[in-house]
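File shown: my_file.cif. Contents: mmCIF, C-alpha atoms and all ligand atoms.
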data_data
#
loop_
_atom_site.label_atom_id
_atom_site.label_comp_id
_atom_site.auth_asym_id
_atom_site.auth_seq_id
_atom_site.Cartn_x
_atom_site.Cartn_y
_atom_site.Cartn_z
CA MET R 1 23.75 -22.11 -13.92
CA ASP R 2 20.49 -20.22 -14.38
CA VAL R 3 20.34 -16.95 -12.55
CA PRO R 4 16.72 -16.15 -11.65
CA GLU R 5 15.55 -12.97 -13.29
CA ARG R 6 15.52 -10.20 -10.71
CA GLN R 7 12.29 -8.30 -10.68
CA PRO R 8 11.58 -5.27 -8.51
CA LEU R 9 9.53 -5.85 -5.40
CA LEU R 10 7.36 -2.95 -6.38
CA SER R 11 7.18 -0.44 -9.19
CA VAL R 12 5.11 2.70 -9.39
CA LYS R 13 4.69 4.26 -12.82
CA GLY R 14 3.12 7.64 -13.50
CA VAL R 15 0.81 7.35 -10.53
CA GLU R 16 -1.74 10.04 -9.81
CA ARG R 17 -4.37 10.10 -7.09
CA SER R 18 -7.08 12.71 -6.86
CA PHE R 19 -9.97 13.07 -4.44
CA ASP R 20 -13.29 14.73 -5.00
CA VAL R 21 -13.58 17.27 -2.20
CA GLY R 22 -16.75 19.38 -2.15
CA GLY R 23 -17.15 19.07 -5.92
CA GLN R 24 -13.52 20.09 -6.52
CA LYS R 25 -10.78 17.77 -7.69
CA LEU R 26 -7.94 17.67 -5.17
CA ARG R 27 -4.81 16.37 -6.93
CA VAL R 28 -2.65 14.84 -4.22
CA LEU R 29 -0.21 12.67 -6.20
CA LYS R 30 0.80 14.10 -9.57
CA GLY R 31 2.93 11.56 -11.38
CA ILE R 32 4.92 9.36 -8.99
CA ASN R 33 7.58 7.00 -10.35
CA LEU R 34 9.64 4.72 -8.16
CA THR R 35 11.08 1.23 -8.02
CA LEU R 36 11.74 -0.72 -4.85
CA GLU R 37 14.25 -3.57 -4.94
CA PRO R 38 13.88 -6.54 -2.56
CA ASN R 39 15.70 -6.66 0.80
CA ARG R 40 16.13 -2.91 1.13
CA LEU R 41 15.05 -0.62 3.92
CA ILE R 42 13.32 2.39 2.38
CA MET R 43 12.06 5.50 4.12
CA LEU R 44 9.56 7.90 2.68
CA LYS R 45 9.63 11.43 4.02
CA GLY R 46 7.83 14.64 3.26
CA ARG R 47 5.92 17.38 5.02
CA SER R 48 2.52 16.71 6.53
CA GLY R 49 -0.14 16.56 3.83
CA SER R 50 2.33 15.89 1.01
CA GLY R 51 0.74 12.50 0.26
CA LYS R 52 2.87 9.86 2.04
CA THR R 53 -0.09 7.95 3.45
CA THR R 54 -1.93 8.26 0.14
CA LEU R 55 1.05 6.70 -1.65
CA MET R 56 1.52 3.99 1.00
CA ASN R 57 -2.14 3.02 0.67
CA LEU R 58 -1.62 2.59 -3.07
CA MET R 59 1.64 0.67 -2.74
CA GLY R 60 0.09 -1.62 -0.13
CA GLY R 61 -2.96 -2.34 -2.29
CA LEU R 62 -5.45 -0.65 0.05
CA ASP R 63 -6.42 1.86 -2.63
CA ARG R 64 -6.21 2.20 -6.40
CA PRO R 65 -4.61 5.05 -8.36
CA THR R 66 -6.65 7.51 -10.41
CA GLU R 67 -3.98 7.17 -13.14
CA GLY R 68 -0.86 5.09 -13.62
CA GLU R 69 0.36 1.62 -12.78
CA ILE R 70 1.50 -0.22 -9.66
CA PHE R 71 3.10 -3.63 -9.90
CA PHE R 72 3.76 -5.60 -6.70
CA GLN R 73 6.03 -8.55 -7.52
CA GLY R 74 4.82 -8.14 -11.09
CA LYS R 75 1.13 -8.21 -10.12
CA PRO R 76 -0.90 -5.31 -11.56
CA PHE R 77 -2.48 -3.80 -8.44
CA HIS R 78 -3.92 -0.92 -10.47
CA GLN R 79 -6.03 -3.37 -12.47
CA TRP R 80 -7.03 -5.75 -9.71
CA ASN R 81 -10.20 -5.50 -7.67
CA ASP R 82 -10.24 -5.21 -3.89
CA ASP R 83 -10.71 -8.96 -3.31
CA LYS R 84 -7.67 -9.88 -5.38
CA ARG R 85 -5.50 -7.24 -3.73
CA THR R 86 -6.69 -8.41 -0.32
CA GLU R 87 -5.43 -11.94 -1.09
CA VAL R 88 -1.96 -10.55 -1.76
CA ARG R 89 -2.05 -8.31 1.31
CA ARG R 90 -3.03 -11.24 3.51
CA LYS R 91 -0.07 -13.29 2.39
CA ASP R 92 2.75 -11.03 1.24
CA ILE R 93 2.38 -7.58 2.81
CA GLY R 94 2.61 -6.56 6.45
CA PHE R 95 1.49 -3.18 7.71
CA ILE R 96 2.27 -1.61 11.04
CA PHE R 97 -0.22 1.24 11.18
CA GLN R 98 0.33 4.45 13.08
CA ALA R 99 -2.94 3.62 14.89
CA TYR R 100 -2.02 -0.10 15.31
CA ALA R 101 -5.35 -1.53 14.04
CA LEU R 102 -5.33 -4.27 16.67
CA MET R 103 -8.39 -5.90 18.25
CA PRO R 104 -8.48 -4.35 21.74
CA LEU R 105 -10.22 -7.30 23.42
CA LEU R 106 -7.66 -9.82 22.18
CA SER R 107 -4.20 -10.42 23.59
CA ALA R 108 -1.11 -9.77 21.45
CA TYR R 109 -0.89 -13.53 20.77
CA GLU R 110 -4.57 -13.72 19.81
CA ASN R 111 -4.22 -10.75 17.47
CA VAL R 112 -1.45 -12.56 15.59
CA GLU R 113 -3.40 -15.83 15.72
CA LEU R 114 -6.46 -14.16 14.19
CA SER R 115 -4.51 -12.96 11.14
CA LEU R 116 -2.91 -16.36 10.71
CA ARG R 117 -6.31 -18.04 10.94
CA MET R 118 -7.63 -15.76 8.19
CA ALA R 119 -4.59 -16.67 6.10
CA LYS R 120 -5.26 -20.36 6.97
CA LYS R 121 -1.85 -20.91 8.53
CA ALA R 122 -1.05 -22.71 11.77
CA ALA R 123 -0.09 -20.49 14.72
N1 LIG R 201 -9.78 10.15 1.24
C1 LIG R 201 -9.43 11.43 1.08
N2 LIG R 201 -10.32 12.34 0.68
C2 LIG R 201 -9.96 13.63 0.50
N3 LIG R 201 -8.73 14.12 0.70
C3 LIG R 201 -7.81 13.25 1.11
C4 LIG R 201 -8.09 11.86 1.33
N4 LIG R 201 -6.96 11.24 1.73
C5 LIG R 201 -6.02 12.19 1.77
N5 LIG R 201 -6.51 13.40 1.41
C6 LIG R 201 -5.75 14.67 1.32
O1 LIG R 201 -4.56 14.40 0.61
C7 LIG R 201 -3.48 15.15 1.13
C8 LIG R 201 -2.36 14.20 1.52
O2 LIG R 201 -2.74 13.44 2.65
P1 LIG R 201 -1.84 12.30 3.27
O3 LIG R 201 -2.59 11.78 4.45
O4 LIG R 201 -1.46 11.33 2.20
O5 LIG R 201 -0.54 13.12 3.72
P2 LIG R 201 0.72 12.64 4.58
O6 LIG R 201 1.95 13.02 3.81
O7 LIG R 201 0.56 11.22 4.96
O8 LIG R 201 0.60 13.57 5.89
P3 LIG R 201 1.04 13.27 7.42
O9 LIG R 201 2.55 13.48 7.47
O10 LIG R 201 0.30 14.32 8.20
O11 LIG R 201 0.62 11.87 7.77
C9 LIG R 201 -4.05 15.96 2.30
O12 LIG R 201 -4.36 17.24 1.79
C10 LIG R 201 -5.31 15.19 2.67
O13 LIG R 201 -6.26 16.05 3.25
MG MG R 202 0.42 10.21 6.79
#
Have the structure of the file written as structure tokens, please.
Amino acid sequence: MDVPERQPLLSVKGVERSFDVGGQKLRVLKGINLTLEPNRLIMLKGRSGSGKTTLMNLMGGLDRPTEGEIFFQGKPFHQWNDDKRTEVRRKDIGFIFQAYALMPLLSAYENVELSLRMAKKAA
């Protein structure tokens, strides 16, 4: 029997992220390496300002690294443009943001329905 090849859900290789702040380069992530296997609950902790949100934005395809590689289910997020990463986010990634990011005028049901409509799925 063929055993399907197990690939990590996500791998982060030598990732750096810097921001230009007032003409200075602020190096927030300085070489992050990690591998996430499927069906695991992972928690990321660190003091405020250590770069958790910066890393989450990269792993979720909202942002691109300054250096390094990010593969989500083998897809090279670091090379893909925003439109291509958005396609993956729409289908395969769910975010629950600290600030919810819900449409305030819509009900809970309608908020879910809106995302499904954008993904062209029946509610
Ligand atoms: N777009 C940006 N432009 C400039 N600096 C940024 C940007 N995003 C994040 N930073 C800086 O990067 C550092 C890390 O921020 P980040 O929000 O990733 O930290 P965090 O670990 O999520 O903190 P918290 O626990 O408070 O949420 C901070 O110094 C922040 O000011
Ligand atoms: Mg944060």
Name the residues, by chain letter and number, that sit within 9 Å of ligand LIG 201 (chain R) using all atoms listed in the file, and give them as an NGL selection string. :R and (17-21 or 26-29 or 45-57)
May I have the centre and edge lengths, in Å to one decimal, of an axis-aligned box around the listed atoms of region 30-44 of chain R with 5 Å added to every side, as lines of an AutoDock Vina configuration file?
center_x = 8.5
center_y = 3.7
center_z = -3.6
size_x = 25.3
size_y = 30.8
size_z = 25.5
At what distance in Å, to one decimal, does CA of Pro65 (chain R) lie from CA of Gly22 (chain R)?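 The value is 19.8 Å.
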Give as a ChimeraX atom specification the set of residues within 12 Å of the point (4.0, -8.0, -7.9), where distances use the file's coordinates and all atoms listed in the file. /R:7-12,35-38,59-61,69-80,85,88-89,92-93
Save out the residues we just selected, C-alpha atoms, as a tab-separated table (two decimals), in the frame of the given file.
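Now in again.tsv:
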chain	number	residue	atom	x	y	z
R	7	GLN	CA	12.29	-8.30	-10.68
R	8	PRO	CA	11.58	-5.27	-8.51
R	9	LEU	CA	9.53	-5.85	-5.40
R	10	LEU	CA	7.36	-2.95	-6.38
R	11	SER	CA	7.18	-0.44	-9.19
R	12	VAL	CA	5.11	2.70	-9.39
R	35	THR	CA	11.08	1.23	-8.02
R	36	LEU	CA	11.74	-0.72	-4.85
R	37	GLU	CA	14.25	-3.57	-4.94
R	38	PRO	CA	13.88	-6.54	-2.56
R	59	MET	CA	1.64	0.67	-2.74
R	60	GLY	CA	0.09	-1.62	-0.13
R	61	GLY	CA	-2.96	-2.34	-2.29
R	69	GLU	CA	0.36	1.62	-12.78
R	70	ILE	CA	1.50	-0.22	-9.66
R	71	PHE	CA	3.10	-3.63	-9.90
R	72	PHE	CA	3.76	-5.60	-6.70
R	73	GLN	CA	6.03	-8.55	-7.52
R	74	GLY	CA	4.82	-8.14	-11.09
R	75	LYS	CA	1.13	-8.21	-10.12
R	76	PRO	CA	-0.90	-5.31	-11.56
R	77	PHE	CA	-2.48	-3.80	-8.44
R	78	HIS	CA	-3.92	-0.92	-10.47
R	79	GLN	CA	-6.03	-3.37	-12.47
R	80	TRP	CA	-7.03	-5.75	-9.71
R	85	ARG	CA	-5.50	-7.24	-3.73
R	88	VAL	CA	-1.96	-10.55	-1.76
R	89	ARG	CA	-2.05	-8.31	1.31
R	92	ASP	CA	2.75	-11.03	1.24
R	93	ILE	CA	2.38	-7.58	2.81
One decimal, Å: what's the distance from CA of Val15 (chain R) over to CA of Glu67 (chain R), could you say?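 Atom-to-atom, CA of Val15 (chain R) and CA of Glu67 (chain R) are spaced 5.5 Å apart.
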Atomic separation - CA of Glu16 (chain R) relative to CA of Lys30 (chain R), Å: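 CA of Glu16 (chain R) lies 4.8 Å from CA of Lys30 (chain R).
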For ligand MG 202 (chain R), which of R:Leu62, R:Ala122, R:Leu105, R:Ala99 is the closest residue, counting only C-alpha atoms and all ligand atoms?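 That would be R:Ala99, the residue with the smallest distance to ligand MG 202 (chain R).
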From the list R:Lys91, R:Lys25, R:Phe97, R:Leu116, which residue is nearest ligand MG 202 (chain R) when using only C-alpha atoms and all ligand atoms?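 Smallest separation from ligand MG 202 (chain R) among the options: R:Phe97.
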From the options R:Tyr109, R:Arg90, R:Leu102, R:Gly31, which residue's atoms come nearest to Lys121 (chain R), counting only C-alpha atoms?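 With only C-alpha atoms as the atom set, the closest residue is R:Arg90.
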Nearest to ligand MG 202 (chain R), chosen from R:Asp63, R:Lys84, R:Gln98, R:Leu41, with all atoms listed in the file counted in the distances: R:Gln98
